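> This is start_23.txt (compact mmCIF, C-alpha atoms).
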# COMPACT_ATOMS: atom_id res chain seq x y z
CA MET A 11 -38.29 -4.56 -6.53
CA GLN A 12 -39.60 -1.50 -8.28
CA THR A 13 -37.86 -0.46 -11.46
CA LEU A 14 -35.37 2.37 -11.39
CA GLU A 15 -37.84 4.63 -13.23
CA GLU A 16 -40.45 3.99 -10.55
CA ILE A 17 -37.94 4.66 -7.78
CA LYS A 18 -36.92 7.89 -9.52
CA VAL A 19 -40.54 9.06 -9.67
CA ARG A 20 -41.11 8.11 -6.05
CA ILE A 21 -38.03 9.99 -4.87
CA GLU A 22 -39.13 13.09 -6.79
CA ALA A 23 -42.56 12.81 -5.19
CA ALA A 24 -41.21 12.27 -1.69
CA VAL A 25 -38.45 14.87 -1.77
CA PRO A 26 -39.77 18.11 -3.22
CA GLY A 27 -37.35 19.79 -5.56
CA ALA A 28 -35.07 16.81 -5.95
CA ARG A 29 -33.52 16.40 -9.38
CA VAL A 30 -33.01 12.73 -10.05
CA GLY A 31 -31.45 11.42 -13.20
CA ILE A 32 -30.86 7.94 -14.51
CA VAL A 33 -27.32 7.22 -15.71
CA PRO A 34 -27.48 4.48 -18.34
CA ASN A 35 -24.89 1.76 -18.48
CA GLY A 36 -24.05 0.65 -21.97
CA SER A 37 -21.88 -2.29 -20.92
CA ALA A 38 -22.93 -5.93 -20.75
CA ALA A 39 -23.89 -5.52 -17.10
CA ASN A 40 -26.60 -3.03 -18.14
CA GLN A 41 -26.90 -1.74 -14.61
CA PRO A 42 -28.18 1.83 -14.70
CA SER A 43 -27.87 4.05 -11.67
CA LEU A 44 -29.59 6.99 -10.02
CA LEU A 45 -27.95 10.40 -10.06
CA VAL A 46 -29.19 12.69 -7.31
CA ASP A 47 -28.42 16.37 -6.93
CA ASN A 48 -26.32 17.33 -3.92
CA GLN A 49 -28.88 19.51 -2.13
CA HIS A 50 -31.42 16.72 -1.88
CA ALA A 51 -29.14 13.69 -1.74
CA PHE A 52 -29.40 13.33 2.01
CA ALA A 53 -33.22 13.42 2.00
CA ALA A 54 -33.35 11.06 -0.97
CA ALA A 55 -31.03 8.62 0.80
CA LYS A 56 -33.19 8.76 3.90
CA PHE A 57 -36.24 8.06 1.79
CA LEU A 58 -34.55 5.05 0.16
CA ARG A 59 -33.68 3.68 3.57
CA ASP A 60 -36.97 4.30 5.35
CA ASP A 61 -39.60 3.73 2.68
CA THR A 62 -41.60 0.64 3.58
CA GLU A 63 -41.48 -0.78 0.07
CA LEU A 64 -37.84 -0.05 -0.71
CA LYS A 65 -36.11 -0.41 2.69
CA PHE A 66 -32.54 -0.09 1.42
CA ASP A 67 -31.05 -0.67 4.83
CA TYR A 68 -27.58 -1.75 3.73
CA ALA A 69 -24.93 0.20 1.81
CA SER A 70 -22.62 -2.60 0.76
CA ASN A 71 -20.01 -0.51 -0.98
CA VAL A 72 -19.06 3.11 -1.50
CA THR A 73 -16.44 4.06 -4.02
CA GLY A 74 -15.14 7.07 -5.87
CA ILE A 75 -14.55 7.80 -9.55
CA ASP A 76 -12.42 10.53 -11.05
CA TRP A 77 -13.70 11.93 -14.34
CA LEU A 78 -11.24 14.16 -16.13
CA ASP A 79 -12.16 17.13 -18.31
CA LYS A 80 -13.47 15.83 -21.57
CA VAL A 81 -13.49 17.45 -25.01
CA THR A 82 -15.94 16.01 -27.50
CA SER A 83 -16.00 17.19 -31.07
CA GLU A 84 -19.12 17.01 -33.19
CA LYS A 85 -19.52 17.77 -36.86
CA VAL A 86 -22.22 20.29 -37.53
CA LYS A 87 -23.44 21.45 -40.92
CA VAL A 88 -23.35 25.20 -41.17
CA LYS A 89 -24.58 27.38 -43.99
CA LYS A 90 -21.98 29.90 -45.03
CA ALA A 91 -21.41 32.24 -47.86
CA VAL A 92 -18.30 31.29 -49.78
CA ASP A 93 -17.39 33.57 -52.70
CA GLY A 94 -20.86 34.99 -52.70
CA VAL A 95 -22.50 31.56 -53.05
CA GLU A 96 -24.26 30.09 -50.04
CA GLN A 97 -22.92 26.64 -49.31
CA GLU A 98 -23.32 24.00 -46.65
CA ILE A 99 -20.04 23.37 -44.91
CA GLU A 100 -19.23 20.84 -42.20
CA GLU A 101 -17.63 22.38 -39.17
CA ALA A 102 -16.21 20.64 -36.16
CA VAL A 103 -17.65 22.05 -32.94
CA GLU A 104 -15.79 21.23 -29.79
CA THR A 105 -17.67 21.07 -26.54
CA LYS A 106 -15.77 21.06 -23.29
CA MET A 107 -17.12 18.87 -20.51
CA PRO A 108 -15.63 19.87 -17.18
CA GLY A 109 -14.41 17.01 -15.05
CA TYR A 110 -15.92 16.01 -11.76
CA LEU A 111 -15.53 13.55 -8.92
CA GLU A 112 -18.18 10.99 -8.23
CA ALA A 113 -19.17 8.94 -5.20
CA VAL A 114 -21.05 5.71 -5.92
CA TYR A 115 -23.17 3.96 -3.32
CA HIS A 116 -24.36 0.38 -3.78
CA LEU A 117 -27.55 -0.19 -1.82
CA TYR A 118 -29.24 -3.44 -0.88
CA SER A 119 -32.19 -4.32 1.28
CA MET A 120 -31.60 -7.02 3.85
CA GLU A 121 -35.21 -6.96 4.92
CA LYS A 122 -36.80 -7.10 1.46
CA LYS A 123 -33.92 -9.12 -0.01
CA HIS A 124 -33.58 -6.98 -3.09
CA GLY A 125 -31.04 -4.75 -4.69
CA PRO A 126 -28.74 -3.37 -5.73
CA VAL A 127 -29.72 0.18 -6.45
CA ILE A 128 -26.75 2.32 -7.37
CA LEU A 129 -26.72 5.90 -6.20
CA ARG A 130 -24.32 8.46 -7.64
CA LEU A 131 -23.40 11.88 -6.34
CA ARG A 132 -21.26 14.26 -8.35
CA THR A 133 -19.14 17.21 -7.30
CA GLU A 134 -19.22 20.38 -9.33
CA ASN A 135 -15.59 20.14 -10.36
CA ARG A 136 -12.36 18.42 -9.46
CA THR A 137 -10.58 21.30 -7.72
CA ASP A 138 -12.33 23.70 -5.35
CA LYS A 139 -15.99 22.66 -5.47
CA ASN A 140 -15.34 19.14 -4.28
CA HIS A 141 -17.99 18.89 -1.58
CA LEU A 142 -20.69 16.25 -1.28
CA PRO A 143 -23.18 15.56 1.50
CA SER A 144 -22.09 12.67 3.70
CA LEU A 145 -24.47 9.74 3.83
CA THR A 146 -22.83 8.31 6.95
CA PRO A 147 -25.71 9.54 9.14
CA VAL A 148 -28.02 7.44 6.94
CA TRP A 149 -25.86 4.33 6.61
CA ARG A 150 -23.36 4.03 9.46
CA GLY A 151 -21.18 1.66 7.44
CA CYS A 152 -20.25 4.42 5.01
CA GLU A 153 -17.96 6.10 7.54
CA PHE A 154 -14.67 4.43 6.69
CA GLN A 155 -15.45 4.19 3.00
CA GLU A 156 -16.20 7.89 2.75
CA ARG A 157 -12.97 8.55 4.62
CA GLU A 158 -11.18 6.38 2.08
CA ILE A 159 -12.72 8.36 -0.80
CA PHE A 160 -11.68 11.58 0.95
CA ASP A 161 -8.17 10.18 1.31
CA LEU A 162 -7.71 8.83 -2.20
CA TYR A 163 -9.91 11.12 -4.35
CA GLY A 164 -10.19 14.30 -2.31
CA ILE A 165 -13.97 14.53 -2.06
CA GLU A 166 -14.99 16.41 1.09
CA PHE A 167 -18.07 14.93 2.72
CA ASP A 168 -20.08 17.55 4.61
CA GLY A 169 -21.64 16.14 7.76
CA HIS A 170 -19.19 13.29 8.13
CA PRO A 171 -18.51 12.69 11.85
CA ASP A 172 -14.75 12.17 11.53
CA LEU A 173 -13.33 13.12 8.16
CA ARG A 174 -9.62 12.30 8.25
CA ARG A 175 -7.23 10.45 5.99
CA ILE A 176 -7.41 6.73 6.62
CA LEU A 177 -4.78 5.00 4.45
CA MET A 178 -2.22 7.76 3.99
CA TRP A 179 -0.74 9.90 6.74
CA ASP A 180 -2.21 13.25 7.76
CA GLY A 181 0.51 15.42 6.20
CA PHE A 182 0.10 13.76 2.80
CA LYS A 183 -0.96 16.26 0.14
CA ASP A 184 -1.82 14.18 -2.94
CA PHE A 185 -4.80 12.05 -3.91
CA PRO A 186 -3.33 8.79 -5.18
CA MET A 187 -6.38 7.43 -7.01
CA ARG A 188 -6.92 10.53 -9.11
CA LYS A 189 -6.00 10.04 -12.73
CA ASP A 190 -3.52 12.91 -12.72
CA TYR A 191 -1.65 11.69 -9.63
CA VAL A 192 2.11 11.89 -10.06
CA GLU A 193 4.04 9.29 -8.07
CA PRO A 194 7.35 10.12 -6.43
CA ASP A 195 10.25 9.29 -8.71
CA ASP A 196 11.63 6.22 -6.95
CA TYR A 197 12.31 4.10 -9.99
CA GLU A 198 16.03 3.73 -9.38
CA TYR A 199 15.92 -0.07 -9.24
CA GLU A 200 13.50 -1.95 -11.46
CA PRO A 201 14.88 -5.41 -12.21
CA THR A 202 11.95 -6.50 -14.41
CA PRO A 203 10.52 -3.34 -15.98
CA HIS A 204 7.75 -3.42 -18.56
CA ALA A 205 5.34 -0.96 -20.19
CA ASP A 206 4.80 2.12 -17.97
CA VAL A 207 7.36 0.99 -15.42
CA LEU A 208 10.01 0.68 -18.13
CA ALA A 209 9.26 4.21 -19.32
CA ARG A 210 9.48 5.56 -15.75
CA ALA A 211 12.71 3.65 -15.08
CA ASN A 212 14.26 5.02 -18.27
CA ALA A 213 13.13 8.54 -17.38
CA HIS A 214 14.70 8.14 -13.95
CA GLN A 215 18.01 6.97 -15.45
CA ALA A 216 18.04 9.95 -17.79
CA ALA A 217 17.31 12.48 -15.04
CA PRO A 218 20.16 13.64 -12.79
CA PRO A 219 20.19 11.81 -9.44
CA SER A 220 18.06 13.59 -6.85
CA THR A 221 19.87 12.41 -3.72
CA MET B 1 44.70 -19.56 16.79
CA ILE B 2 44.99 -23.23 17.57
CA ASP B 3 46.12 -25.46 14.76
CA GLU B 4 43.21 -27.37 13.21
CA GLY B 5 45.13 -30.67 13.12
CA LEU B 6 46.22 -30.39 16.75
CA LYS B 7 42.66 -29.59 17.73
CA ASN B 8 41.40 -32.73 15.99
CA GLU B 9 44.10 -34.81 17.64
CA LEU B 10 43.26 -33.44 21.07
CA SER B 11 39.52 -34.08 20.62
CA LYS B 12 40.33 -37.72 19.79
CA GLN B 13 42.08 -37.87 23.14
CA GLY B 14 39.06 -36.43 24.90
CA VAL B 15 40.37 -32.89 25.23
CA PHE B 16 38.02 -30.23 23.98
CA THR B 17 39.64 -27.02 22.85
CA THR B 18 38.03 -23.93 21.50
CA SER B 19 38.74 -20.26 20.92
CA LEU B 20 36.93 -17.33 22.41
CA ASN B 21 35.84 -16.36 18.90
CA GLU B 22 34.25 -19.76 18.33
CA LEU B 23 32.65 -19.95 21.74
CA TYR B 24 31.24 -16.45 21.46
CA ASN B 25 29.78 -17.06 18.00
CA TRP B 26 28.47 -20.47 19.03
CA GLY B 27 26.49 -18.89 21.83
CA ARG B 28 25.34 -16.02 19.68
CA LYS B 29 24.09 -18.11 16.78
CA ASN B 30 22.14 -20.59 18.88
CA SER B 31 19.98 -18.14 20.77
CA VAL B 32 18.69 -15.75 18.16
CA TRP B 33 15.46 -14.49 19.66
CA PRO B 34 13.10 -12.98 17.12
CA LEU B 35 10.95 -9.95 17.68
CA GLN B 36 7.30 -10.90 17.77
CA PHE B 37 5.60 -8.88 15.11
CA GLY B 38 4.14 -9.51 11.70
CA LEU B 39 2.96 -7.12 9.03
CA ALA B 40 0.93 -9.25 6.63
CA CYS B 41 0.32 -12.77 5.38
CA CYS B 42 4.01 -13.77 5.67
CA ALA B 43 3.50 -13.55 9.42
CA ILE B 44 1.17 -16.56 9.18
CA GLU B 45 4.01 -18.60 7.72
CA MET B 46 6.31 -17.27 10.44
CA ILE B 47 3.80 -18.46 13.05
CA ALA B 48 3.62 -21.83 11.31
CA ALA B 49 7.42 -22.05 11.46
CA SER B 50 7.29 -21.57 15.22
CA MET B 51 4.74 -24.33 15.73
CA ALA B 52 5.39 -28.04 16.34
CA ARG B 53 5.39 -29.16 12.71
CA PHE B 54 8.34 -27.00 11.66
CA ASP B 55 9.63 -26.26 15.13
CA ILE B 56 11.91 -23.26 15.03
CA ALA B 57 12.97 -24.26 18.57
CA ARG B 58 15.47 -26.66 16.99
CA PHE B 59 17.55 -23.60 16.15
CA GLY B 60 17.20 -21.88 19.50
CA ALA B 61 15.01 -19.18 18.01
CA GLU B 62 11.63 -20.08 19.44
CA VAL B 63 11.54 -17.33 22.05
CA PHE B 64 9.52 -14.70 20.23
CA ARG B 65 9.88 -11.57 22.35
CA PRO B 66 7.10 -9.02 22.44
CA SER B 67 9.59 -6.26 23.30
CA PRO B 68 12.36 -5.00 21.03
CA ARG B 69 14.61 -4.64 24.10
CA GLN B 70 14.81 -8.41 24.45
CA ALA B 71 15.01 -9.36 20.80
CA ASP B 72 18.00 -10.15 18.60
CA LEU B 73 16.35 -10.75 15.27
CA MET B 74 13.78 -8.75 13.39
CA ILE B 75 11.82 -10.86 10.92
CA VAL B 76 10.15 -8.33 8.63
CA ALA B 77 7.29 -10.60 7.65
CA GLY B 78 5.00 -8.86 5.21
CA THR B 79 4.27 -5.73 3.23
CA VAL B 80 5.91 -2.64 4.65
CA THR B 81 3.65 0.27 3.84
CA LYS B 82 5.07 3.76 3.79
CA LYS B 83 2.90 4.57 6.78
CA MET B 84 4.38 1.65 8.73
CA ALA B 85 8.03 2.05 7.66
CA PRO B 86 9.02 4.65 10.32
CA GLN B 87 7.67 2.38 13.05
CA VAL B 88 9.61 -0.60 11.70
CA VAL B 89 12.83 1.43 11.66
CA ARG B 90 12.11 2.73 15.15
CA LEU B 91 11.57 -0.80 16.46
CA PHE B 92 14.87 -1.84 14.91
CA ASN B 93 16.60 1.12 16.58
CA GLN B 94 15.17 0.04 19.92
CA MET B 95 16.67 -3.42 19.67
CA PRO B 96 20.01 -3.83 21.45
CA GLU B 97 23.08 -4.96 19.53
CA PRO B 98 23.90 -7.55 18.30
CA LYS B 99 20.84 -7.47 16.08
CA TYR B 100 19.95 -8.99 12.76
CA VAL B 101 17.26 -8.57 10.14
CA ILE B 102 15.60 -11.15 7.94
CA ALA B 103 13.42 -9.65 5.20
CA MET B 104 10.79 -12.30 4.59
CA GLY B 105 8.83 -12.48 1.37
CA ALA B 106 8.50 -10.56 -1.86
CA CYS B 107 6.97 -7.45 -0.26
CA ALA B 108 9.59 -7.01 2.44
CA ILE B 109 12.49 -7.42 0.01
CA SER B 110 11.16 -5.32 -2.89
CA GLY B 111 7.53 -4.27 -2.51
CA GLY B 112 6.43 -7.45 -4.27
CA PRO B 113 3.13 -7.32 -6.14
CA PHE B 114 2.51 -3.84 -4.68
CA LYS B 115 5.86 -2.46 -5.84
CA GLN B 116 4.36 0.32 -7.97
CA GLY B 117 1.64 1.11 -5.45
CA TYR B 118 1.46 4.58 -3.96
CA ASN B 119 1.64 3.34 -0.39
CA VAL B 120 4.19 0.52 -0.37
CA LEU B 121 7.87 0.77 0.42
CA LYS B 122 10.04 -0.85 -2.25
CA GLY B 123 11.88 -3.05 0.22
CA ILE B 124 12.78 -2.52 3.88
CA ASP B 125 16.48 -2.70 2.95
CA ARG B 126 16.15 0.95 1.88
CA TYR B 127 16.22 1.95 5.56
CA ILE B 128 17.81 -0.83 7.63
CA PRO B 129 20.61 -3.28 6.88
CA VAL B 130 19.11 -6.67 5.95
CA ASP B 131 21.19 -9.78 6.65
CA VAL B 132 19.12 -12.36 4.79
CA HIS B 133 16.50 -11.87 2.08
CA ILE B 134 13.90 -14.59 1.50
CA PRO B 135 11.99 -14.53 -1.78
CA GLY B 136 8.52 -16.07 -2.02
CA CYS B 137 4.92 -15.02 -1.75
CA PRO B 138 4.71 -16.10 0.98
CA PRO B 139 7.84 -18.19 1.61
CA ARG B 140 7.28 -21.64 3.09
CA PRO B 141 8.24 -22.13 6.76
CA GLU B 142 11.17 -24.21 5.48
CA ALA B 143 12.40 -21.11 3.65
CA LEU B 144 12.34 -19.15 6.90
CA LEU B 145 14.25 -21.95 8.63
CA HIS B 146 16.74 -21.90 5.77
CA ALA B 147 17.13 -18.16 6.21
CA LEU B 148 17.76 -18.70 9.91
CA MET B 149 20.41 -21.31 9.13
CA THR B 150 21.97 -18.91 6.62
CA LEU B 151 22.05 -16.26 9.33
CA GLN B 152 23.64 -18.73 11.75
CA LYS B 153 26.35 -19.54 9.20
CA LYS B 154 26.91 -15.83 8.74
CA ILE B 155 27.26 -15.28 12.50
CA GLU B 156 29.55 -18.30 12.83
CA ALA B 157 31.90 -16.98 10.15
CA GLN B 158 32.26 -13.54 11.72
CA ARG B 159 35.62 -12.59 13.20
CA LEU B 160 35.47 -10.64 16.43
CA THR B 161 38.41 -8.45 15.51
CA GLY B 162 39.58 -6.88 12.32
CA PRO B 163 37.90 -4.63 9.80
CA ASP B 164 35.01 -7.02 9.07
CA ARG B 165 34.02 -7.48 12.70
CA PRO B 166 30.31 -7.38 13.55
CA ARG B 167 28.60 -4.05 14.01
CA HIS B 168 28.23 -4.29 17.78
CA LEU B 169 31.98 -4.64 18.26
CA ASP B 170 32.74 -1.73 15.99
CA ARG B 171 32.64 1.55 17.86
CA ASP B 172 32.23 3.56 14.66
CA ALA B 173 29.48 1.44 13.12
CA PRO B 174 25.97 2.88 13.43
CA GLY B 175 23.67 1.18 15.92
CA GLU B 176 20.74 3.42 15.04
CA PHE B 177 19.38 4.29 11.67
CA PRO B 178 17.55 7.49 10.78
CA VAL B 179 13.79 7.15 11.06
CA PRO B 180 12.09 8.50 7.90
CA GLU B 181 9.47 11.17 8.33
CA PHE B 182 6.11 11.60 6.65
CA GLY B 183 6.50 14.12 3.85
CA GLU B 184 3.93 15.80 1.67
CA HIS B 185 4.38 13.37 -1.22
CA ASP B 186 6.58 10.56 0.07
CA LEU B 187 8.71 9.52 3.01
CA VAL B 188 11.56 11.94 3.72
CA PRO B 189 14.19 10.82 2.91
CA PRO B 190 12.86 8.20 0.44
CA LYS B 191 15.84 5.95 1.19
CA ASN B 192 18.91 5.78 3.38
CA THR B 193 21.79 5.90 0.92
CA GLU B 194 24.23 4.81 3.65
CA VAL B 195 22.40 1.50 3.86
CA TRP B 196 21.08 1.01 0.37
CA GLN B 197 22.35 1.84 -3.08
CA PRO B 198 20.50 0.74 -6.19
CA PRO B 199 22.31 -2.30 -7.58
CA LYS B 200 24.09 -1.66 -10.85
CA MET B 201 22.20 -3.29 -13.67
CA THR B 202 23.71 -4.36 -16.95
CA ARG B 203 21.13 -5.13 -19.55
CA GLU B 204 21.80 -6.82 -22.85
CA GLY B 205 20.11 -5.70 -26.03
Would you put the structure from the file into structure tokens?


Amino acid sequence: MQTLEEIKVRIEAAVPGARVGIVPNGSAANQPSLLVDNQHAFAAAKFLRDDTELKFDYASNVTGIDWLDKVTSEKVKVKKAVDGVEQEIEEAVETKMPGYLEAVYHLYSMEKKHGPVILRLRTENRTDKNHLPSLTPVWRGCEFQEREIFDLYGIEFDGHPDLRRILMWDGFKDFPMRKDYVEPDDYEYEPTPHADVLARANAHQAAPPST
Amino acid sequence: MIDEGLKNELSKQGVFTTSLNELYNWGRKNSVWPLQFGLACCAIEMIAASMARFDIARFGAEVFRPSPRQADLMIVAGTVTKKMAPQVVRLFNQMPEPKYVIAMGACAISGGPFKQGYNVLKGIDRYIPVDVHIPGCPPRPEALLHALMTLQKKIEAQRLTGPDRPRHLDRDAPGEFPVPEFGEHDLVPPKNTEVWQPPKMTREG
């Protein structure tokens, strides 16, 4: 199989205007992934599937990730005048990284017997700009998994043939796999509480009974 | 009531005596027909219990009915998800009295390994009255047979009159239980307090 760098260059050549990035993976698995911009994701996916050398004809898994807003602080040396004398002072500069939702596609080739290549798509933010292009028209098997991501993370897939909740009921409003999901307070009976469950059970005991 | 000693004496002489109470319960306990449905892996053990090796037919409960109208016993075999819970309650409501419930396995009695999951009911006893709980993940077929025998003992001990008479002979006892509805965040109501109250816990230390 071609390296990820080669695939990146080939996608950029085949899909004009596509912005493809490589997301490194610092863990032991060392499995970097491709990050494709939303406008060209569909064309890039089609290229990955149809190219005679790559032939990624099988999306084995699609999953979602919720990335919360992140604040990173860096120390920067700044020159400042203190009491008329210019001095170098360290200042902490905080940079805010807005959160986003991510869909991750694991692609294999049955024909060429290679893979995986990991494809990531990111939404602009976690609240209102939560749209991604659906890759179900490219890989039919993504249908239920994209529905599951829609159900549990709240990513809206444009172009999906039947985007409905799949695990929860239709009237359900929350997204249970998001990191800020708040469960209903039904901790009235926890015979063997521990860690988080113990804290929730204690909080329930302290609160006045709801029903 | 016939005197127990006299009854023994008569049976030695070849005279069989019984009471309506006994006869009624004897018939009831030996033809408990379960409702044929399973929710998860516990159902596999329930199927095994109905096969030749364990042979639930020995207890008169081999006639698994595919319709709630013909069933006496609901074996809740498996994880009850919140999405499935209204249907389980509705099926129970459709069963004619007298009816019984066995909650089989860790999930059906408490939510089991999925207890803190967003989509799993923390025990079916929050909505319908459970007669016998079976722990286990999944319980062996012998455990289900034991639960059935426990239920039979319970039926046998019931008096047909008086304040502790069975539900179907009590005009005021509920035969139907409210079916929960799908809410925006959880089932509404999250539990039926008429049926289930959180057990009082006393913890040391």

> Just the residues within 10 Å of segment 7-22 of chain B, please, counting all atoms listed in the file, with nothing from its chain fewer than 5 positions along; format it as a list in words.

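Counting all atoms listed in the file, the residues come to Met1, Ile2, Gly27, Arg28, Glu156, Ala157, Gln158, Arg159, Leu160 and Thr161 of chain B.
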
> Once you count all atoms listed in the file, what closest atom pair and distance in Å to one decimal does each residue of chain B within 9 Å of chain A have, with rows by chain and rising residue number, as a Markdown table?


| residue | atom | partner | partner_atom | distance |
| --- | --- | --- | --- | --- |
| B:Lys82 | CA | A:Met178 | CA | 8.3 |
| B:Lys83 | CA | A:Trp179 | CA | 6.5 |
| B:Gln116 | CA | A:Val207 | CA | 8.1 |
| B:Gly117 | CA | A:Glu193 | CA | 8.9 |
| B:Tyr118 | CA | A:Pro186 | CA | 6.5 |
| B:Asn119 | CA | A:Met178 | CA | 7.3 |
| B:Lys122 | CA | A:Asp196 | CA | 8.6 |
| B:Phe182 | CA | A:Gly181 | CA | 6.8 |
| B:Gly183 | CA | A:Phe182 | CA | 6.5 |
| B:Glu184 | CA | A:Phe182 | CA | 4.5 |
| B:His185 | CA | A:Phe182 | CA | 5.9 |
| B:Asp186 | CA | A:Pro194 | CA | 6.6 |
| B:Pro189 | CA | A:Thr221 | CA | 8.9 |
| B:Pro190 | CA | A:Asp196 | CA | 7.7 |
| B:Thr193 | CA | A:Thr221 | CA | 8.2 |
| B:Pro198 | CA | A:Tyr199 | CA | 5.6 |
| B:Pro199 | CA | A:Tyr199 | CA | 7.0 |
| B:Lys200 | CA | A:Tyr199 | CA | 8.5 |
| B:Met201 | CA | A:Pro201 | CA | 7.8 |

> Write a file of the selected residues as a PDB file, in the frame of the given file, keeping C-alpha atoms.


ATOM      1  CA  LYS B  82       5.070   3.760   3.790  1.00  0.00           C
ATOM      2  CA  LYS B  83       2.900   4.570   6.780  1.00  0.00           C
ATOM      3  CA  GLN B 116       4.360   0.320  -7.970  1.00  0.00           C
ATOM      4  CA  GLY B 117       1.640   1.110  -5.450  1.00  0.00           C
ATOM      5  CA  TYR B 118       1.460   4.580  -3.960  1.00  0.00           C
ATOM      6  CA  ASN B 119       1.640   3.340  -0.390  1.00  0.00           C
ATOM      7  CA  LYS B 122      10.040  -0.850  -2.250  1.00  0.00           C
ATOM      8  CA  PHE B 182       6.110  11.600   6.650  1.00  0.00           C
ATOM      9  CA  GLY B 183       6.500  14.120   3.850  1.00  0.00           C
ATOM     10  CA  GLU B 184       3.930  15.800   1.670  1.00  0.00           C
ATOM     11  CA  HIS B 185       4.380  13.370  -1.220  1.00  0.00           C
ATOM     12  CA  ASP B 186       6.580  10.560   0.070  1.00  0.00           C
ATOM     13  CA  PRO B 189      14.190  10.820   2.910  1.00  0.00           C
ATOM     14  CA  PRO B 190      12.860   8.200   0.440  1.00  0.00           C
ATOM     15  CA  THR B 193      21.790   5.900   0.920  1.00  0.00           C
ATOM     16  CA  PRO B 198      20.500   0.740  -6.190  1.00  0.00           C
ATOM     17  CA  PRO B 199      22.310  -2.300  -7.580  1.00  0.00           C
ATOM     18  CA  LYS B 200      24.090  -1.660 -10.850  1.00  0.00           C
ATOM     19  CA  MET B 201      22.200  -3.290 -13.670  1.00  0.00           C
TER      20      MET B 201
END

> Rounded to one decimal, what separation in Å do you get between atom CA of Lys87 of chain A and atom CA of Val103 of chain A?

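Pair atom CA of Lys87 of chain A / atom CA of Val103 of chain A returns 9.9 Å.
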
> Atom CA of Gln70 of chain B and atom CA of His146 of chain B are how many Å apart?

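Distance between the two atoms: 23.1 Å.
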
> May I ask which of the residues B:Gly78, B:Gly112, B:Pro141, B:Pro98 is the closest one to Leu39 of chain B, counting only C-alpha atoms?

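Ranked by minimum distance to Leu39 of chain B, first place goes to B:Gly78.
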
> Any idea what's packed within 7 Å of Asp161 of chain A, counting all atoms listed in the file, ignoring anything in its chain fewer than 2 positions away? Could you give it as a count of residues only?

10

> For atom CA of Pro113 of chain B and atom CA of Glu194 of chain B, determine how far apart the two atoms are, in Å to one decimal place.

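Interatomic distance here is 26.2 Å.
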
> Could you check the closest approach to Gly74 of chain A for each of A:His50, A:Lys106, A:Arg188, A:His170 and tell me which residue wins, using all atoms listed in the file?

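Of A:His50, A:Lys106, A:Arg188, A:His170, the one nearest Gly74 of chain A, counting all atoms listed in the file, is A:Arg188.
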
> Find the residues near segment 29-34 of chain B: any atom within 7 Å, counting all atoms listed in the file, skip ones fewer than 3 places away on the same chain, and give them as a PyMOL selection string.

chain B and resi 25-26+59-65+71-75+152+155-156

> Select, from B:Arg140, B:Arg58, B:Arg69, B:Lys99, the residue with the minimum atom-to-atom distance to Met46 of chain B, counting only C-alpha atoms.

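Among the listed residues, the smallest separation from Met46 of chain B belongs to B:Arg140.
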
> Leaving out segment 136-153 of chain A and any residue of its chain fewer than 5 positions from it, which residues lie within 7 Å of it when counting only C-alpha atoms, given as a PyMOL selection string?

chain A and resi 48+52+55-56+68-69+72+109-111+165-170

> Please dump the current selection as a tab-separated table (two decimals), keeping the file's coordinate frame; keep C-alpha atoms.


chain	number	residue	atom	x	y	z
A	48	ASN	CA	-26.32	17.33	-3.92
A	52	PHE	CA	-29.40	13.33	2.01
A	55	ALA	CA	-31.03	8.62	0.80
A	56	LYS	CA	-33.19	8.76	3.90
A	68	TYR	CA	-27.58	-1.75	3.73
A	69	ALA	CA	-24.93	0.20	1.81
A	72	VAL	CA	-19.06	3.11	-1.50
A	109	GLY	CA	-14.41	17.01	-15.05
A	110	TYR	CA	-15.92	16.01	-11.76
A	111	LEU	CA	-15.53	13.55	-8.92
A	165	ILE	CA	-13.97	14.53	-2.06
A	166	GLU	CA	-14.99	16.41	1.09
A	167	PHE	CA	-18.07	14.93	2.72
A	168	ASP	CA	-20.08	17.55	4.61
A	169	GLY	CA	-21.64	16.14	7.76
A	170	HIS	CA	-19.19	13.29	8.13

> Edge lengths and centre, in Å to one decimal, as lines of an AutoDock Vina configuration file: that's what I need for the box along x, y and z that holds all listed atoms of segment 77-90 of chain A plus 8 Å on each side.


center_x = -17.9
center_y = 20.9
center_z = -29.7
size_x = 29.3
size_y = 34.0
size_z = 46.7

> Mind listing as a ChimeraX atom specification all residues within 9 Å of (-36.9, 9.4, -6.5), counting all atoms listed in the file?

/A:14-25,28-31,44,46,54,57-58

> Generate the output file for the selected residues, C-alpha atoms, as a short mmCIF file (atom, residue, chain, number, x, y, z; two decimals), keeping the file's coordinate frame.


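New file result-v6.cif:
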data_model
loop_
_atom_site.label_atom_id
_atom_site.label_comp_id
_atom_site.auth_asym_id
_atom_site.auth_seq_id
_atom_site.Cartn_x
_atom_site.Cartn_y
_atom_site.Cartn_z
CA LEU A 14 -35.37 2.37 -11.39
CA GLU A 15 -37.84 4.63 -13.23
CA GLU A 16 -40.45 3.99 -10.55
CA ILE A 17 -37.94 4.66 -7.78
CA LYS A 18 -36.92 7.89 -9.52
CA VAL A 19 -40.54 9.06 -9.67
CA ARG A 20 -41.11 8.11 -6.05
CA ILE A 21 -38.03 9.99 -4.87
CA GLU A 22 -39.13 13.09 -6.79
CA ALA A 23 -42.56 12.81 -5.19
CA ALA A 24 -41.21 12.27 -1.69
CA VAL A 25 -38.45 14.87 -1.77
CA ALA A 28 -35.07 16.81 -5.95
CA ARG A 29 -33.52 16.40 -9.38
CA VAL A 30 -33.01 12.73 -10.05
CA GLY A 31 -31.45 11.42 -13.20
CA LEU A 44 -29.59 6.99 -10.02
CA VAL A 46 -29.19 12.69 -7.31
CA ALA A 54 -33.35 11.06 -0.97
CA PHE A 57 -36.24 8.06 1.79
CA LEU A 58 -34.55 5.05 0.16
#
